[in-house]
Structure formats: C-alpha cells, structure tokens
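**Q** Attaching a single structure in structure tokens format; questions to follow.
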Protein chains: 2
Amino acid sequence: MDTPLPRDAGVAAWKQIADALEAGIAAGRPGPGERLPTEAQFAARFGVNRHTVRRALAALAERGLIRSAQGSGSFVEAAPLRYPIGARTRFSEIVSGAGREAYGDLIAATEVPAGAALAAALGIAAGAPVLEMLTRHRADGTPISMGRACLPLPRFAGIDRAYAEAGSLTRAYAAFGVTDYRRLETRITARPADAAEAALLELAPGRVVLVTESVNLDQHGVPIQATRSQFAADRVELVVTG
Amino acid sequence: MDTPLPRDAGVAAWKQIADALEAGIAAGRPGPGERLPTEAQFAARFGVNRHTVRRALAALAERGLIRSAQGSGSFVEAAPLRYPIGARTRFSEIVSGAGREAYGDLIAATEVPAGAALAAALGIAAGAPVLEMLTRHRADGTPISMGRACLPLPRFAGIDRAYAEAGSLTRAYAAFGVTDYRRLETRITARPADAAEAALLELAPGRVVLVTESVNLDQHGVPIQATRSQFAADRVELVVTG
DNA sequence: TCGCATTTGTGCGTATGTATC
DNA sequence: AGATACATACGCACAAATGCG
C-alpha cells in the first residue's frame, strides 16, 4: 500500500478512498473513458478490504463519475457535454464544437393527428396531421439525447427521409425552404428514465433524464416544430447564458 | 360502478383508469392539494380490484401528478412552478409573481476556506475565507429548492443575520451596498436526491433534484456569490427564454 | 393519553392471456 | 405443439400510518 489511510480521522475509509479517486479523476488520472485499476489493486494499495473499495466505487458510480461493468472493469465516464440552451440551439453544432462527432438516428416516423396542446403550440387545428419523428443523438458513439419532434404535415411531408439521409435536422430543413430557425423558450424538468428511455440512451436503471420542451419557429416566425427531448442527465450539463 | 371499463379493448384496465384520472386532474377535478377518493371507492366505481386501482395511482405518482400518504389518502400535487432562469433570476419575485407566498429559511451559515474551483469562480485567492450559507426556499409552504451560497467574506460578514431577518437575499444584499446583481450563466444538471436533500425538500425517496450552479455579479461586475441550488424536480419547471 | 376506524402499503397465492423460444 | 416467461387482474390478510373523538 502506498497511501495508508488515517483510520482514526473520523472519516469513513470508503469516503476517503472515494475522495482520493475523485480528485484523481478531476486531475485526469485516469482520463475519460480509461479504465481504473481493479478493485483488488485498490484494496492492496489502500490496505483495506475489497468491500471497502467497492463501496467507494459505488459512491462514485452513483454520482455518474464512473461506470462499472461486470467482468470488464470500472471506467471513467466522459466529462458532461456542455450544452448551451438558447434561441439558436443546434445539437450538431454543439457537439462538433466540443470536438466530438455528432450523429443523429431516426428511430421512427409516423403520421398522427395533433392533440389539443400540440395543436396550440404549432398554431394548427386540433386533429390536423403532424409528422411525429423519434430521434436519437450521439456524440462520439455515446447516446446523449433522444427526442420526439412533431412537425405540421402538409408542409414537411417526407422530411423524415431527408433527415435519415442527412443525419441533421438543420440540413433536412434546408431542403424544405427553412433557411433559419430559432427557439422561443425551453422548459426544463427532470425525472427518472423509464424503460424505453433507458434502453435508447443506454442508461442504467434508475438514472435520470433531463426533459426539455420547446417550439421552433422558422425565419418568418411560423411554428415548424414542437419538440420534447430527453437528455441523459449524467452526460450533459445544460448551460443558460444571460 | 358508474363507468364500467371496456375490458376487451386491448388497453390494460389500470391504464384506462390512470388516463381517466389524469384527464380529471387536468380539468381540476380534484384540484391541486385536494384529496382523491380512496382506493376502495375507485375499485367500486370502476368495478376492479384495489390492486388495479393502486397500479393506476402508482403510474400517476411516478409522474409526480399525485402523492399518496399512508393512512391519509392520495392528493393531487400542485402544478409545477414556472421558474424563469436568466440574468435576473430572483426566487422571491418569481414565486410572488405566480401568486404564491415566498419564504426563505436560513438552515446554517459557516465560515470556511475557499477551495480551488470556488476561489476561481469568485475571483479570490484559494483558501480565502468565504461565508457558506445553507438555505431553503418555500412557496406557499411547500419546499421548492435548497441551496448552498458562498460569499466572499471580508465583504459580507454578518449578511447571514440580515438574510435570516429579511427572508430574502435581495433585501439582505441591499444592506451591504449591492443595489443590483445579475447572473452570468447557469449550469443545469439532474440526479436522484440524496438523503439530506430528500429530508430538506420533503421529497419521497428516489425523487429527482434539478441542480443549478451559477455565479452572481454585483452592479460593478464583481463576483459576490457562487451558488449551487437543488430544486425538487416535480415542483418546478425551469424556463429559458431567448 | 388512549383506542378505534380509516386509509394506504405489503405480501401471499391464484388464474388468465400473450408473446417467445 | 409444448414449455416458458411475462404482464395483467383478482382475492384475502395483515401491517403501518393517520386522524378523530
């Protein structure tokens, strides 16, 4: 053991270990995505039982700093993606601006009649057809968010195919004459992920999603999209400036 | 039973009940804070077993629409407080603007040396003294948020007493020559509440907190406060405009 | 302070229909 | 076709918390 723990300091051993590991991770040792030493190695280094190490690791895992995989090891989670929320929020720009590769999946697209709340948000008649698109967004392969976007339908018929090809909503809009769009306001809530969200976002059960709801307007101020997105709360940090 | 359920519709009975109750709550029957009929009454009304009713209620409780209390009944939760986040975020103004009564509790105030990150945020030397204030905020008696605010210390010595008297940070600042303050940026994350947070916010275990971190500047652009707040995610809706 | 009725929480067992292998 | 697993629904009993007289 290279760092014997003060056992009479009134601080639990697992807490001291957790703090030490957290400080190391904050300093980049090991860096994001890298593997931590095995539990047995930690036990030997700190001169404690492996159970004590496991408790420390569990504390870090619960806070989303690391992720433990049976048979594989414990890994440092990537630093949360800094995700600015504002009038010109664009997933692809944010992710590539962070030096990571953005990718958008189209999970499903169906035509449904608009409910009352949705119709009001889009400024259309209740029951009018909308295109409901289920999407998922990744940065460097890790799922960041998923969302349900509803677009008024006579206007954007077929945009699901354009989106599936382009992988970016901004580029798909361009093919439909939307040169620019902006967001009116964003409402943010949070709750535990349900089963479907956990599966799509590759989340451990019990993890949390940040839910954002917003309406986008085109360059003429016409509503073109009502969106509800779920972000893996461990993997992003929504940033509001101003 | 006054509304026999269609049992061969391919929709689970508990789901139909949950939808019916949700529609009623959305229409204000019963209204926020009011008690729902008992499980036995629902079971009789819909002609199902109490377990089936319980499943419907559990679905609503999980979404934060209702709250069940053993021995007491199930109650409709208040609609989430619309909480705008921006440069001029003020708890008391937001709450009173929503027609509810704002109240701030000072839980504790201690003098501690600033850590590296905190010192950088406040533009002071690492290890310099700061006043750490633990506060809790209520609207109409229900806890909305709690927070840890750190203020640089030679300047704001004694502000904890002013805050405890005034119940509002804005008013306490005024006594220290801060006529106006604004927020640079707010970082938002979310996670399950820990035991201390659940206790202070009167949350059921497993519920979620929205965590916001921000730095406030006074009218001259000098950092006067670094804050981390935890909001009961079921009781607020953070709103970003622009 | 005590006891009791009310109400939700929990556990057990049973039966049924529906996917899936 | 058979076996298995799973979600749904029902019935009964009791525990635990609350509110009230």
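Chain labels follow the order of the structure tokens: the first chain is A, the next B, and so on; residue numbering restarts at 1 in every chain, and ligands are counted from 1 in their shown order.
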Please provide the set of residues having any atom within 9 Å of range 95-106 of chain A, restricted to only C-alpha atoms (C1' of nucleotides), with same-chain residues fewer than 6 positions apart removed, written as a PyMOL selection string.
**A** chain A and resi 81-83+133-141+146+160-161+163-164+166-169
**Q** Just to be explicit: take each residue in the selection above, keep N, CA, C and O atoms, and write the result as a compact mmCIF listing (two decimals), in the first residue's frame.
**A**
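The file below, out.txt, is the result:
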# COMPACT_ATOMS: atom_id res chain seq x y z
N LEU A 81 -21.17 16.84 -21.39
CA LEU A 81 -21.15 17.73 -22.54
C LEU A 81 -21.80 19.05 -22.16
O LEU A 81 -22.93 19.07 -21.68
N ARG A 82 -21.09 20.13 -22.40
CA ARG A 82 -21.62 21.46 -22.11
C ARG A 82 -22.60 21.83 -23.22
O ARG A 82 -22.20 21.99 -24.37
N TYR A 83 -23.88 21.95 -22.88
CA TYR A 83 -24.91 22.06 -23.89
C TYR A 83 -25.67 23.38 -23.73
O TYR A 83 -26.62 23.45 -22.95
N MET A 133 -41.61 12.40 -35.27
CA MET A 133 -40.32 11.75 -35.51
C MET A 133 -39.62 11.44 -34.20
O MET A 133 -39.42 12.33 -33.37
N LEU A 134 -39.26 10.18 -34.03
CA LEU A 134 -38.47 9.78 -32.87
C LEU A 134 -37.00 9.73 -33.27
O LEU A 134 -36.65 9.01 -34.22
N THR A 135 -36.19 10.47 -32.57
CA THR A 135 -34.77 10.54 -32.94
C THR A 135 -33.89 10.27 -31.74
O THR A 135 -34.31 10.39 -30.59
N ARG A 136 -32.67 9.92 -32.06
CA ARG A 136 -31.67 9.75 -31.00
C ARG A 136 -30.38 10.43 -31.46
O ARG A 136 -30.05 10.40 -32.64
N HIS A 137 -29.68 11.01 -30.52
CA HIS A 137 -28.47 11.76 -30.86
C HIS A 137 -27.28 11.24 -30.07
O HIS A 137 -27.37 11.07 -28.86
N ARG A 138 -26.20 11.05 -30.78
CA ARG A 138 -24.98 10.56 -30.13
C ARG A 138 -23.85 11.57 -30.30
O ARG A 138 -23.82 12.34 -31.26
N ALA A 139 -22.93 11.52 -29.37
CA ALA A 139 -21.67 12.24 -29.52
C ALA A 139 -20.57 11.21 -29.32
O ALA A 139 -20.49 10.58 -28.26
N ASP A 140 -19.76 11.03 -30.35
CA ASP A 140 -18.68 10.02 -30.27
C ASP A 140 -19.22 8.66 -29.89
O ASP A 140 -18.59 7.92 -29.14
N GLY A 141 -20.40 8.31 -30.37
CA GLY A 141 -20.92 6.97 -30.12
C GLY A 141 -21.76 6.85 -28.87
O GLY A 141 -22.59 5.95 -28.79
N MET A 146 -32.52 11.79 -26.72
CA MET A 146 -33.50 11.27 -27.67
C MET A 146 -34.64 12.28 -27.67
O MET A 146 -34.74 13.10 -26.75
N ASP A 160 -38.78 13.21 -43.07
CA ASP A 160 -38.14 12.12 -42.32
C ASP A 160 -37.08 11.43 -43.16
O ASP A 160 -36.02 11.06 -42.65
N ARG A 161 -37.34 11.29 -44.47
CA ARG A 161 -36.33 10.66 -45.32
C ARG A 161 -35.10 11.57 -45.47
O ARG A 161 -33.97 11.12 -45.40
N TYR A 163 -34.09 13.67 -43.32
CA TYR A 163 -33.35 13.66 -42.05
C TYR A 163 -32.54 12.37 -41.92
O TYR A 163 -31.38 12.40 -41.49
N ALA A 164 -33.14 11.27 -42.31
CA ALA A 164 -32.43 10.00 -42.19
C ALA A 164 -31.16 10.01 -43.03
O ALA A 164 -30.14 9.44 -42.65
N ALA A 166 -29.49 12.92 -44.10
CA ALA A 166 -28.55 13.97 -43.70
C ALA A 166 -28.02 13.74 -42.28
O ALA A 166 -26.89 14.11 -41.98
N GLY A 167 -28.83 13.11 -41.43
CA GLY A 167 -28.38 12.92 -40.04
C GLY A 167 -28.43 14.20 -39.25
O GLY A 167 -27.89 14.26 -38.15
N SER A 168 -29.03 15.23 -39.80
CA SER A 168 -29.08 16.52 -39.11
C SER A 168 -30.38 17.21 -39.47
O SER A 168 -30.73 17.30 -40.65
N LEU A 169 -31.10 17.68 -38.48
CA LEU A 169 -32.37 18.32 -38.75
C LEU A 169 -32.17 19.65 -39.47
O LEU A 169 -32.96 20.01 -40.35
**Q** With a distance cut-off of 7 Å and only C-alpha atoms (C1' of nucleotides), select the neighbouring residues of range 203-219 of chain A, excluding the residue or stretch itself and same-chain residues fewer than 5 positions from it, and output the selection as a count of residues only.
**A** 29
**Q** Could you give the C-alpha RMSD in Å for chain B superposed on chain A, pairing all atoms in order?
**A**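 Once chain B is fitted onto chain A, the C-alpha RMSD works out to 0.3 Å.
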**Q** Quick one, how far is CA of Ala117 in chain B from CA of Gly33 in chain A?
**A**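 These two atoms are separated by 23.3 Å.
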**Q** Using only C-alpha atoms (C1' of nucleotides), which chain D residues lie at most 9 Å away from chain B, written as a list in words?
**A** DT8, DA9, DC10, DG11, DA16, DA17, DT18 and DG19 of chain D
**Q** From range 45-171 of chain A, collect each residue whose DSSP state is helix (DSSP H, G or I) and return the set as a PyMOL selection string.
**A** chain A and resi 45-46+50-62+91-97+116-122+153-156+159-166+169-171
**Q** Would you mind reading off the distance between CA of Val236 in chain B and CA of Ser145 in chain B, one decimal, in Å?
**A**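 The value is 9.0 Å.
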**Q** Identify all chain C residues at most 9 Å from chain B by counting only C-alpha atoms (C1' of nucleotides); ligands do not count. Present them as a list of chain:residue names.
**A** C:DT6, C:DT7, C:DT8, C:DG9
**Q** DSSP on the backbone: what in range 34-241 of chain B comes out strand (DSSP E or B), as a PDB file with C-alpha atoms, in the first residue's frame?
**A**
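In the end it all went to result_28.pdb:
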ATOM      1  CA  ARG B  35     -57.684  14.563  -1.915  1.00  0.00           C
ATOM      2  CA  ILE B  66     -50.285  12.804  -7.282  1.00  0.00           C
ATOM      3  CA  ARG B  67     -48.753  11.870  -3.946  1.00  0.00           C
ATOM      4  CA  SER B  68     -50.021   9.040  -1.743  1.00  0.00           C
ATOM      5  CA  ALA B  69     -49.661   9.158   2.043  1.00  0.00           C
ATOM      6  CA  GLY B  73     -55.017   9.378   1.269  1.00  0.00           C
ATOM      7  CA  SER B  74     -53.824  10.371  -2.175  1.00  0.00           C
ATOM      8  CA  PHE B  75     -53.516  14.033  -3.069  1.00  0.00           C
ATOM      9  CA  VAL B  76     -53.147  15.999  -6.275  1.00  0.00           C
ATOM     10  CA  LEU B  81     -43.884  26.377 -10.576  1.00  0.00           C
ATOM     11  CA  ARG B  82     -42.765  28.092 -13.747  1.00  0.00           C
ATOM     12  CA  TYR B  83     -39.266  29.264 -12.865  1.00  0.00           C
ATOM     13  CA  PRO B  84     -37.546  31.506 -15.439  1.00  0.00           C
ATOM     14  CA  ALA B 102     -42.277  33.057  -0.948  1.00  0.00           C
ATOM     15  CA  TYR B 103     -40.314  32.211   2.145  1.00  0.00           C
ATOM     16  CA  GLY B 104     -36.583  31.639   2.654  1.00  0.00           C
ATOM     17  CA  ASP B 105     -35.094  29.636   5.529  1.00  0.00           C
ATOM     18  CA  LEU B 106     -31.513  30.000   6.675  1.00  0.00           C
ATOM     19  CA  ILE B 107     -30.505  26.480   7.713  1.00  0.00           C
ATOM     20  CA  ALA B 108     -26.895  27.163   8.619  1.00  0.00           C
ATOM     21  CA  ALA B 109     -24.088  29.611   7.977  1.00  0.00           C
ATOM     22  CA  THR B 110     -20.425  28.794   8.489  1.00  0.00           C
ATOM     23  CA  GLU B 111     -17.101  30.377   7.607  1.00  0.00           C
ATOM     24  CA  VAL B 112     -14.915  28.074   5.509  1.00  0.00           C
ATOM     25  CA  PRO B 113     -11.782  28.458   3.361  1.00  0.00           C
ATOM     26  CA  PRO B 129     -12.475  32.791   3.785  1.00  0.00           C
ATOM     27  CA  VAL B 130     -15.999  32.576   2.423  1.00  0.00           C
ATOM     28  CA  LEU B 131     -19.359  32.511   4.129  1.00  0.00           C
ATOM     29  CA  GLU B 132     -21.203  29.317   3.259  1.00  0.00           C
ATOM     30  CA  MET B 133     -24.950  29.676   3.685  1.00  0.00           C
ATOM     31  CA  LEU B 134     -27.368  26.768   3.500  1.00  0.00           C
ATOM     32  CA  THR B 135     -30.827  27.947   2.607  1.00  0.00           C
ATOM     33  CA  ARG B 136     -34.194  26.516   1.779  1.00  0.00           C
ATOM     34  CA  HIS B 137     -36.966  28.162  -0.177  1.00  0.00           C
ATOM     35  CA  ARG B 138     -40.665  27.544   0.018  1.00  0.00           C
ATOM     36  CA  ALA B 139     -43.674  28.637  -1.978  1.00  0.00           C
ATOM     37  CA  THR B 142     -44.029  23.560   0.053  1.00  0.00           C
ATOM     38  CA  PRO B 143     -40.247  23.383  -0.278  1.00  0.00           C
ATOM     39  CA  ILE B 144     -39.165  24.291  -3.791  1.00  0.00           C
ATOM     40  CA  SER B 145     -35.420  24.459  -3.553  1.00  0.00           C
ATOM     41  CA  MET B 146     -32.444  24.419  -1.253  1.00  0.00           C
ATOM     42  CA  GLY B 147     -29.049  25.821  -1.914  1.00  0.00           C
ATOM     43  CA  ARG B 148     -25.530  26.461  -0.791  1.00  0.00           C
ATOM     44  CA  ALA B 149     -24.422  30.013  -1.439  1.00  0.00           C
ATOM     45  CA  CYS B 150     -20.783  31.025  -0.934  1.00  0.00           C
ATOM     46  CA  LEU B 151     -19.996  34.710  -0.448  1.00  0.00           C
ATOM     47  CA  PRO B 152     -16.524  36.310  -0.136  1.00  0.00           C
ATOM     48  CA  TYR B 181     -26.944  41.823  -9.164  1.00  0.00           C
ATOM     49  CA  ARG B 182     -27.061  39.600 -12.171  1.00  0.00           C
ATOM     50  CA  ARG B 183     -26.208  36.075 -13.151  1.00  0.00           C
ATOM     51  CA  LEU B 184     -23.534  35.247 -15.677  1.00  0.00           C
ATOM     52  CA  GLU B 185     -24.570  31.765 -16.675  1.00  0.00           C
ATOM     53  CA  THR B 186     -26.405  28.847 -15.129  1.00  0.00           C
ATOM     54  CA  ARG B 187     -25.370  25.225 -15.498  1.00  0.00           C
ATOM     55  CA  ILE B 188     -28.167  22.704 -15.068  1.00  0.00           C
ATOM     56  CA  THR B 189     -27.862  19.012 -14.264  1.00  0.00           C
ATOM     57  CA  ALA B 190     -30.132  16.481 -12.573  1.00  0.00           C
ATOM     58  CA  ARG B 191     -29.747  13.423 -10.354  1.00  0.00           C
ATOM     59  CA  PRO B 192     -31.621  11.481  -7.669  1.00  0.00           C
ATOM     60  CA  VAL B 208     -35.103  13.778  -8.562  1.00  0.00           C
ATOM     61  CA  VAL B 209     -33.459  17.133  -7.989  1.00  0.00           C
ATOM     62  CA  LEU B 210     -32.524  19.660 -10.643  1.00  0.00           C
ATOM     63  CA  VAL B 211     -29.132  21.100  -9.738  1.00  0.00           C
ATOM     64  CA  THR B 212     -28.231  24.582 -10.891  1.00  0.00           C
ATOM     65  CA  GLU B 213     -24.859  26.221 -10.467  1.00  0.00           C
ATOM     66  CA  SER B 214     -24.260  29.883 -11.074  1.00  0.00           C
ATOM     67  CA  VAL B 215     -22.213  32.918 -10.128  1.00  0.00           C
ATOM     68  CA  ASN B 216     -23.772  36.296  -9.337  1.00  0.00           C
ATOM     69  CA  LEU B 217     -22.070  39.619 -10.036  1.00  0.00           C
ATOM     70  CA  ASP B 218     -22.850  42.932  -8.372  1.00  0.00           C
ATOM     71  CA  PRO B 223     -18.464  38.280  -8.199  1.00  0.00           C
ATOM     72  CA  ILE B 224     -20.463  38.300  -4.990  1.00  0.00           C
ATOM     73  CA  GLN B 225     -21.861  34.804  -4.806  1.00  0.00           C
ATOM     74  CA  ALA B 226     -21.324  31.298  -6.122  1.00  0.00           C
ATOM     75  CA  THR B 227     -24.414  29.177  -5.721  1.00  0.00           C
ATOM     76  CA  ARG B 228     -25.436  25.599  -6.141  1.00  0.00           C
ATOM     77  CA  SER B 229     -29.162  25.073  -5.773  1.00  0.00           C
ATOM     78  CA  GLN B 230     -31.204  21.901  -5.758  1.00  0.00           C
ATOM     79  CA  PHE B 231     -34.800  22.125  -6.973  1.00  0.00           C
ATOM     80  CA  ALA B 232     -37.442  19.489  -6.340  1.00  0.00           C
ATOM     81  CA  VAL B 236     -40.654  23.325 -10.771  1.00  0.00           C
ATOM     82  CA  GLU B 237     -40.225  23.791 -14.457  1.00  0.00           C
ATOM     83  CA  LEU B 238     -37.121  25.791 -15.316  1.00  0.00           C
ATOM     84  CA  VAL B 239     -37.865  28.085 -18.227  1.00  0.00           C
ATOM     85  CA  VAL B 240     -35.255  29.524 -20.550  1.00  0.00           C
ATOM     86  CA  THR B 241     -36.368  32.281 -22.897  1.00  0.00           C
TER      87      THR B 241
END
**Q** Grab the CA of Ala126 in chain B to CA of Asp19 in chain A distance for me, in Å with one decimal place.
**A**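 Computing it gives 19.0 Å between the two atoms.
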**Q** How close does each residue of chain C get to range 1-4 of chain D, giving the shortest atom pair and distance in Å to one decimal for every residue with an atom at most 12 Å away, counting only C-alpha atoms (C1' of nucleotides), sorted by chain and residue number, as a tab-separated table?
**A**
residue	atom	partner	partner_atom	distance
C:DA19	C1'	D:DT4	C1'	10.5
C:DT20	C1'	D:DT4	C1'	8.2
C:DC21	C1'	D:DT4	C1'	7.9
**Q** Convert the current residue selection to file output with C-alpha atoms (C1' of nucleotides), as a short mmCIF file (atom, residue, chain, number, x, y, z; two decimals), in the first residue's frame.
**A**
data_model
loop_
_atom_site.label_atom_id
_atom_site.label_comp_id
_atom_site.auth_asym_id
_atom_site.auth_seq_id
_atom_site.Cartn_x
_atom_site.Cartn_y
_atom_site.Cartn_z
"C1'" DA C 19 -45.68 -13.46 -26.55
"C1'" DT C 20 -41.30 -16.19 -27.20
"C1'" DC C 21 -38.32 -19.98 -27.63
#
**Q** Find the residues near Ala116 in chain A: any atom within 12 Å, counting only C-alpha atoms (C1' of nucleotides), skip ones fewer than 4 places away on the same chain, and give them as a list in words.
**A**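 The filter keeps Ala120, Ala121, Leu122, Gly123, Ile124, Ala125, Ala126, Gly127 and Ala128 of chain A.
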**Q** Can you tell me which residues surround DG21 in chain D at a distance of at most 12 Å, considering only C-alpha atoms (C1' of nucleotides), apart from same-chain residues fewer than 3 positions away, and format the answer as a list of chain:residue names?
**A**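 Here the qualifying residues turn out to be C:DC2, C:DG3, C:DC4, C:DA5.
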